[in-house]
Amino acid sequence: MANLFKGLERIEEARERLSGQSFMAGLFAGKPDFSLLLAPEEAAEDNAAWEEFHPRLEAFLTANVDPDEIERTAKIPDSVLKGLFALGAFGMKIPRQYGGLGFSYMNYGRALMLMASWSNALALTVAVPQSIGIAMPILMFGNEEQRRTYLPLVAREAVSAFALTEPITGSDAANIATEAVLDSSETAFVVNGEKLWCTNGPIARYITLVARVPARRSENNGRTTWMPVPGGNGADDHVHTTFILDMHTPGVRVRQRCQFEGCRGIENAYMTFSDVHMPTANVIGEVGHGLRYALTILNVGRAVSIPAICLGMAKQAWQPTLDRANQRLTFQKPLSTRQTQRMRLGRMASNLFAMEALATTVWRMADQHRYDIRIEAAIAKLFCSEKTIQFLKDAQTIFGGMGYETAESKRLRGEPAFGIEQLVRDAEMYRIGEGATDILRPFVAREGLNMHLERARHLFDEGATAVRQLDELRQLLKFYIPWYRSQWRGSRLPLRPEFQHPKVRSTLLFVEQTSRRLARTIFYTMLLHRQALRDDQGRQNRIEMIGEDLLVITATALYAEAQERTAGHPEDWDLAEESFREAKQRVEQNIQELIRNQDAIVAMVGAKAIDRRYPSLTSGIIRRDLEDYFRNKPAVRTEEEDIRKVV
């Protein structure tokens, strides 16, 4: 079972079983519990906190933050950061007893969406310390002394960051190489290594550092614990561990502020560590649990931060796009009268509605603190980031040539200086950050297959004998025969008023029926392909995409019902039903292709391309291999040339 997803073995080891109820776990098993998506009404104190905070935040942004200046200079002014600290914006998720605002996830998401609608780079700078900086790891896994020491600092004065990725690992967090070795005095760890793409790194005072510690394994009552060994001598393994690192520690150097296609205002670091001494008290939680901690805290960014920022960016573009469609004349008629553009705007509107429905549903689930939302969080991040890119590219198309021109260039000519091209460039960051799409899809698929993997682990063990596999199959049949029969019998919807709405009822009955069909199809797929499914990312992706669409359909239906009931907007069903139409088509195609598809053919072409079997593809040009671009490689910086050096 651990080897089913090739390349993810370490992550599989760090993975914990679901610790609470999960809507998606039930959906993949053919038994969705729709009541899990109906969170209680927002607490009065949470609503009051938002009503008090959001006018102050909005006033600060409009009066003190110039988004065009941030884009032009690629720098967020220190005065803006200090003002946001004073406002409490860097401590929204930190409890009040530690100097923060103690916001709910819903209010945190609202605030980031508002900020991103003004400047997404600023929203990202504020989100990182509260999602993956030292605050969340300390809150979730740290001790009380660490909370009292560090949380007031990062809530009111000190920026923090998260250092996990390395140049050779990318999203492969399990294979980082940075080491933290216990010294001979056993009072400090000595860190050597490097980290790349550390957002906020150049301006951070503290970082969450994930490094590997040479340690010896011991078993206590069936539980594995790790004891670091001085000098790394006699270690059984090098285990992932999470630390609080003060960036003022000697040996920490920010070698480069990385520059990207978009998000020009963010501070992002390539940093190195040379014999950096960290006190043993700076270990967060237990030695050897760092990968699990990292994967857990990433859920906050996936569930809240990324969807909120994406929503803010899309909403920022919506009204200017409508204005442009009405004002732009083509052959003496407004663009908005053309069927092609009305179809485009209809897709944009329905996708924006579905994004908000999914995001707010997951935020409310997170606020219950009794659900395991790791799958829902990953899907929220996937759906919102991918749909935002599509949304903004559609908006850019409606703007035409004005959509390709920079805001500054348009301003010089007296045109409305709306930077849709900047938003298009910036949006790619959110597809990549905190789990790239191509990494998260197999992650979700792994959870979708969990029920079968737990039961059939010996059947899928490549080292098992034929006799062992046959015996395992007999045992499985005792479970799967009644299970399979149950997948042909429908379940009733919960007796809640929300489910009695005729449109909600018909939609959720479709989801329930399709959930059972998906469970059966996953079962067929595992029987047919067995170990081959390990490398079959095409089928893994389809499992995720079907689950994603079914979750979006469900959340959107319930959101439309709530909008009609509480806000008096029955017209929102137009948006929901258009979203359903496209999603249902995708679901049908992906279910069919779980059994039969043409992936092997196109993969074969790709394999030949990798082997350079198509020389015509590079004929007629001045050919340059990747290595040729090293010609202009700058000399390695000396210490005096470092962007930031602490001695």
# chains A, B, ... in the order shown; residues from 1 in each chain; ligands from 1
>>> select_by_dssp(residues="segment 130-373 of chain A", states="helix (DSSP H, G or I)", output="number ranges by chain")
A: 130-131, 135-141, 144-156, 173-175, 201-203, 230-232, 280-282, 290-327, 335-337, 339-368
>>> residues_around(residues="segment 557-563 of chain A", least_positions_apart="5", cutoff="12 Å", atoms="only C-alpha atoms", output="CSV table (one decimal) with N, CA and C atoms, in the first residue's frame")
chain,number,residue,atom,x,y,z
A,34,PHE,N,-24.3,14.6,3.5
A,34,PHE,CA,-24.5,16.0,3.1
A,34,PHE,C,-24.6,17.0,4.3
A,35,SER,N,-25.1,16.4,5.4
A,35,SER,CA,-25.2,17.3,6.6
A,35,SER,C,-23.9,17.9,7.1
A,36,LEU,N,-22.8,17.3,6.7
A,36,LEU,CA,-21.5,17.8,7.1
A,36,LEU,C,-21.2,19.2,6.5
A,37,LEU,N,-21.9,19.5,5.4
A,37,LEU,CA,-21.6,20.7,4.7
A,37,LEU,C,-22.5,21.8,5.2
A,38,LEU,N,-23.4,21.5,6.1
A,38,LEU,CA,-24.3,22.6,6.7
A,38,LEU,C,-23.8,22.9,8.0
A,39,ALA,N,-22.9,23.9,8.1
A,39,ALA,CA,-22.3,24.4,9.3
A,39,ALA,C,-23.4,25.2,10.1
A,41,GLU,N,-25.0,28.5,12.0
A,41,GLU,CA,-25.0,29.9,11.6
A,41,GLU,C,-23.8,30.5,12.3
A,350,SER,N,-20.7,32.1,-13.6
A,350,SER,CA,-21.0,30.8,-12.9
A,350,SER,C,-19.8,30.3,-12.1
A,353,PHE,N,-19.3,32.4,-8.9
A,353,PHE,CA,-20.2,32.0,-7.9
A,353,PHE,C,-19.9,30.6,-7.3
A,354,ALA,N,-19.4,29.7,-8.1
A,354,ALA,CA,-19.0,28.4,-7.6
A,354,ALA,C,-17.8,28.5,-6.7
A,355,MET,N,-16.8,29.3,-7.1
A,355,MET,CA,-15.6,29.5,-6.3
A,355,MET,C,-16.0,30.0,-4.9
A,356,GLU,N,-16.9,31.0,-4.8
A,356,GLU,CA,-17.2,31.5,-3.5
A,356,GLU,C,-18.0,30.5,-2.7
A,357,ALA,N,-18.9,29.8,-3.4
A,357,ALA,CA,-19.7,28.7,-2.7
A,357,ALA,C,-18.7,27.7,-2.0
A,358,LEU,N,-17.8,27.2,-2.8
A,358,LEU,CA,-16.8,26.2,-2.3
A,358,LEU,C,-16.0,26.8,-1.2
A,359,ALA,N,-15.4,27.9,-1.4
A,359,ALA,CA,-14.5,28.5,-0.4
A,359,ALA,C,-15.2,28.7,0.9
A,360,THR,N,-16.4,29.4,0.9
A,360,THR,CA,-17.0,29.7,2.2
A,360,THR,C,-17.5,28.4,2.8
A,361,THR,N,-17.9,27.4,2.1
A,361,THR,CA,-18.2,26.1,2.7
A,361,THR,C,-17.1,25.5,3.4
A,362,VAL,N,-15.9,25.5,2.8
A,362,VAL,CA,-14.7,24.9,3.5
A,362,VAL,C,-14.3,25.8,4.7
A,364,ARG,N,-16.3,27.5,6.7
A,364,ARG,CA,-17.2,27.1,7.8
A,364,ARG,C,-16.9,25.8,8.3
A,496,ARG,N,-33.3,17.9,6.8
A,496,ARG,CA,-33.1,19.3,7.1
A,496,ARG,C,-33.9,20.1,6.1
A,497,PRO,N,-34.4,21.3,6.5
A,497,PRO,CA,-35.2,22.1,5.6
A,497,PRO,C,-34.5,22.5,4.3
A,498,GLU,N,-33.1,22.7,4.4
A,498,GLU,CA,-32.4,23.1,3.2
A,498,GLU,C,-32.5,22.0,2.1
A,499,PHE,N,-32.6,20.8,2.5
A,499,PHE,CA,-32.6,19.7,1.5
A,499,PHE,C,-34.0,19.5,0.9
A,500,GLN,N,-35.0,20.2,1.4
A,500,GLN,CA,-36.3,20.0,0.8
A,500,GLN,C,-36.5,20.9,-0.4
A,501,HIS,N,-35.7,21.9,-0.6
A,501,HIS,CA,-35.8,22.8,-1.7
A,501,HIS,C,-35.7,21.9,-3.0
A,502,PRO,N,-36.7,22.0,-3.9
A,502,PRO,CA,-36.7,21.1,-5.1
A,502,PRO,C,-35.4,21.1,-5.9
A,503,LYS,N,-34.8,22.2,-6.0
A,503,LYS,CA,-33.5,22.2,-6.8
A,503,LYS,C,-32.4,21.6,-6.1
A,504,VAL,N,-32.3,21.9,-4.8
A,504,VAL,CA,-31.3,21.2,-3.9
A,504,VAL,C,-31.5,19.7,-3.9
A,505,ARG,N,-32.7,19.3,-3.8
A,505,ARG,CA,-33.0,17.9,-3.7
A,505,ARG,C,-32.6,17.1,-5.0
A,506,SER,N,-33.0,17.7,-6.1
A,506,SER,CA,-32.7,17.0,-7.4
A,506,SER,C,-31.2,17.0,-7.6
A,507,THR,N,-30.5,18.1,-7.2
A,507,THR,CA,-29.0,18.2,-7.4
A,507,THR,C,-28.3,17.2,-6.5
A,508,LEU,N,-28.7,17.1,-5.3
A,508,LEU,CA,-28.0,16.3,-4.4
A,508,LEU,C,-28.3,14.8,-4.6
A,509,LEU,N,-29.5,14.5,-5.1
A,509,LEU,CA,-29.7,13.1,-5.5
A,509,LEU,C,-28.8,12.7,-6.6
A,510,PHE,N,-28.6,13.6,-7.5
A,510,PHE,CA,-27.6,13.3,-8.6
A,510,PHE,C,-26.2,13.0,-8.0
A,511,VAL,N,-25.8,13.9,-7.1
A,511,VAL,CA,-24.5,13.7,-6.5
A,511,VAL,C,-24.4,12.3,-5.7
A,550,LEU,N,-18.0,16.9,-7.9
A,550,LEU,CA,-19.2,16.6,-7.1
A,550,LEU,C,-19.2,17.4,-5.8
A,551,LEU,N,-18.1,17.8,-5.2
A,551,LEU,CA,-18.1,18.7,-4.1
A,551,LEU,C,-18.5,20.0,-4.5
A,552,VAL,N,-18.0,20.5,-5.6
A,552,VAL,CA,-18.4,21.9,-6.1
A,552,VAL,C,-19.9,21.9,-6.4
A,568,GLY,N,-32.4,36.8,-0.3
A,568,GLY,CA,-33.5,37.2,-1.3
A,568,GLY,C,-32.9,37.2,-2.7
A,569,HIS,N,-32.1,36.3,-3.1
A,569,HIS,CA,-31.5,36.3,-4.4
A,569,HIS,C,-31.8,35.0,-5.2
A,570,PRO,N,-33.0,34.8,-5.6
A,570,PRO,CA,-33.4,33.5,-6.3
A,570,PRO,C,-32.7,33.5,-7.6
A,571,GLU,N,-32.3,34.6,-8.2
A,571,GLU,CA,-31.6,34.6,-9.5
A,571,GLU,C,-30.3,33.9,-9.5
A,572,ASP,N,-29.7,33.7,-8.3
A,572,ASP,CA,-28.4,33.1,-8.2
A,572,ASP,C,-28.5,31.6,-8.6
A,573,TRP,N,-29.7,31.1,-8.7
A,573,TRP,CA,-29.8,29.7,-9.2
A,573,TRP,C,-29.4,29.6,-10.7
A,574,ASP,N,-29.5,30.7,-11.4
A,574,ASP,CA,-29.0,30.7,-12.8
A,574,ASP,C,-27.5,30.4,-12.8
A,575,LEU,N,-26.8,31.0,-11.9
A,575,LEU,CA,-25.4,30.8,-11.9
A,575,LEU,C,-25.0,29.4,-11.5
A,576,ALA,N,-25.8,28.9,-10.4
A,576,ALA,CA,-25.6,27.5,-9.9
A,576,ALA,C,-25.8,26.5,-11.0
A,577,GLU,N,-26.9,26.6,-11.7
A,577,GLU,CA,-27.3,25.6,-12.7
A,577,GLU,C,-26.4,25.6,-13.9
A,578,GLU,N,-25.9,26.7,-14.3
A,578,GLU,CA,-24.9,26.7,-15.4
A,578,GLU,C,-23.6,26.0,-14.9
A,579,SER,N,-23.2,26.3,-13.7
A,579,SER,CA,-22.1,25.6,-13.1
A,579,SER,C,-22.3,24.1,-13.1
A,580,PHE,N,-23.5,23.6,-12.7
A,580,PHE,CA,-23.8,22.2,-12.7
A,580,PHE,C,-23.7,21.6,-14.1
>>> closest_residue(among="A:Leu476, A:Asp628, A:Ser619, A:Leu449", to="Gly26 of chain A", atoms="only C-alpha atoms")
A:Leu449
>>> residues_around(residues="Ala519 of chain A", least_positions_apart="4", cutoff="8 Å", atoms="only C-alpha atoms", output="JSON, numbers by chain")
{"A": [28, 29, 30, 487, 515, 523]}
>>> select_by_dssp(residues="segment 179-229 of chain A", states="strand (DSSP E)", output="PyMOL selection string")
chain A and resi 179-182+188-199+206-220+223-228
>>> atom_distance(atom1="atom CA of Leu423 of chain A", atom2="atom CA of Ser160 of chain A")
25.4 Å
>>> atom_distance(atom1="atom CA of Glu45 of chain A", atom2="atom CA of Leu87 of chain A")
18.8 Å
>>> residues_around(residues="Leu27 of chain A", least_positions_apart="4", cutoff="12 Å", atoms="only C-alpha atoms", output="VMD selection string")
chain A and resid 21 to 23 31 to 34 36 375 to 376 447 to 451 487 508 511 to 520 522 543 to 544 546 to 551 554
>>> closest_residue(among="A:Glu69, A:Glu386, A:Glu157, A:Asp172", to="Ala89 of chain A", atoms="only C-alpha atoms")
A:Glu157
>>> closest_atom_pairs(of="segment 125-214 of chain A", to="segment 226-247 of chain A", cutoff="9 Å", atoms="only C-alpha atoms", output="tab-separated table")
residue	atom	partner	partner_atom	distance
A:Ile134	CA	A:Ile244	CA	6.8
A:Pro137	CA	A:Thr242	CA	8.5
A:Ile138	CA	A:Ile244	CA	8.8
A:Ala174	CA	A:His240	CA	8.0
A:Ile176	CA	A:His240	CA	8.6
A:Glu179	CA	A:His238	CA	8.1
A:Ala180	CA	A:Thr241	CA	8.5
A:Val181	CA	A:Gly231	CA	6.0
A:Leu182	CA	A:Pro230	CA	4.7
A:Asp183	CA	A:Pro230	CA	5.2
A:Ser184	CA	A:Pro230	CA	5.2
A:Ser185	CA	A:Pro230	CA	7.9
A:Glu186	CA	A:Pro230	CA	6.5
A:Phe189	CA	A:Pro230	CA	9.0
A:Gly201	CA	A:Met247	CA	8.7
A:Ala204	CA	A:Met247	CA	7.0
A:Arg205	CA	A:Met247	CA	5.2
A:Tyr206	CA	A:Asp246	CA	4.7
A:Ile207	CA	A:Leu245	CA	5.3
A:Thr208	CA	A:Ile244	CA	5.2
A:Leu209	CA	A:Phe243	CA	5.1
A:Val210	CA	A:Thr242	CA	4.6
A:Ala211	CA	A:Thr241	CA	5.6
A:Arg212	CA	A:His240	CA	4.4
A:Val213	CA	A:His238	CA	4.9
A:Pro214	CA	A:His238	CA	4.2
>>> write_last_selection(atoms="C-alpha atoms", output="PDB file, in the first residue's frame")
ATOM      1  CA  ILE A 134       5.668  30.204  12.808  1.00  0.00           C
ATOM      2  CA  PRO A 137       2.901  25.466  13.752  1.00  0.00           C
ATOM      3  CA  ILE A 138       3.381  26.824  17.276  1.00  0.00           C
ATOM      4  CA  ALA A 174       9.994  14.378   1.571  1.00  0.00           C
ATOM      5  CA  ILE A 176      14.815  17.829   1.402  1.00  0.00           C
ATOM      6  CA  GLU A 179      20.348  18.971   7.997  1.00  0.00           C
ATOM      7  CA  ALA A 180      20.102  19.946  11.651  1.00  0.00           C
ATOM      8  CA  VAL A 181      22.600  17.912  13.686  1.00  0.00           C
ATOM      9  CA  LEU A 182      22.627  17.859  17.485  1.00  0.00           C
ATOM     10  CA  ASP A 183      25.948  19.234  18.732  1.00  0.00           C
ATOM     11  CA  SER A 184      28.190  17.548  21.281  1.00  0.00           C
ATOM     12  CA  SER A 185      26.834  19.656  24.158  1.00  0.00           C
ATOM     13  CA  GLU A 186      23.290  18.497  23.270  1.00  0.00           C
ATOM     14  CA  PHE A 189      21.288  21.889  16.605  1.00  0.00           C
ATOM     15  CA  GLY A 201      12.229  35.349   3.667  1.00  0.00           C
ATOM     16  CA  ALA A 204      11.258  37.827   8.041  1.00  0.00           C
ATOM     17  CA  ARG A 205      12.558  37.867  11.593  1.00  0.00           C
ATOM     18  CA  TYR A 206      11.539  34.233  12.184  1.00  0.00           C
ATOM     19  CA  ILE A 207      11.006  31.259   9.903  1.00  0.00           C
ATOM     20  CA  THR A 208       9.487  27.830  10.273  1.00  0.00           C
ATOM     21  CA  LEU A 209      12.419  25.672   9.192  1.00  0.00           C
ATOM     22  CA  VAL A 210      11.952  22.053   8.169  1.00  0.00           C
ATOM     23  CA  ALA A 211      15.231  20.113   8.277  1.00  0.00           C
ATOM     24  CA  ARG A 212      16.365  16.530   8.640  1.00  0.00           C
ATOM     25  CA  VAL A 213      17.784  15.394  11.973  1.00  0.00           C
ATOM     26  CA  PRO A 214      20.040  12.324  12.377  1.00  0.00           C
TER      27      PRO A 214
END
>>> closest_residue(among="A:Ala600, A:Gly222, A:Ala111, A:Met365", to="Glu42 of chain A", atoms="only C-alpha atoms")
A:Met365
>>> residues_around(residues="Ser336 of chain A", least_positions_apart="6", cutoff="8 Å", atoms="only C-alpha atoms", output="ChimeraX atom specification")
/A:325-326,342
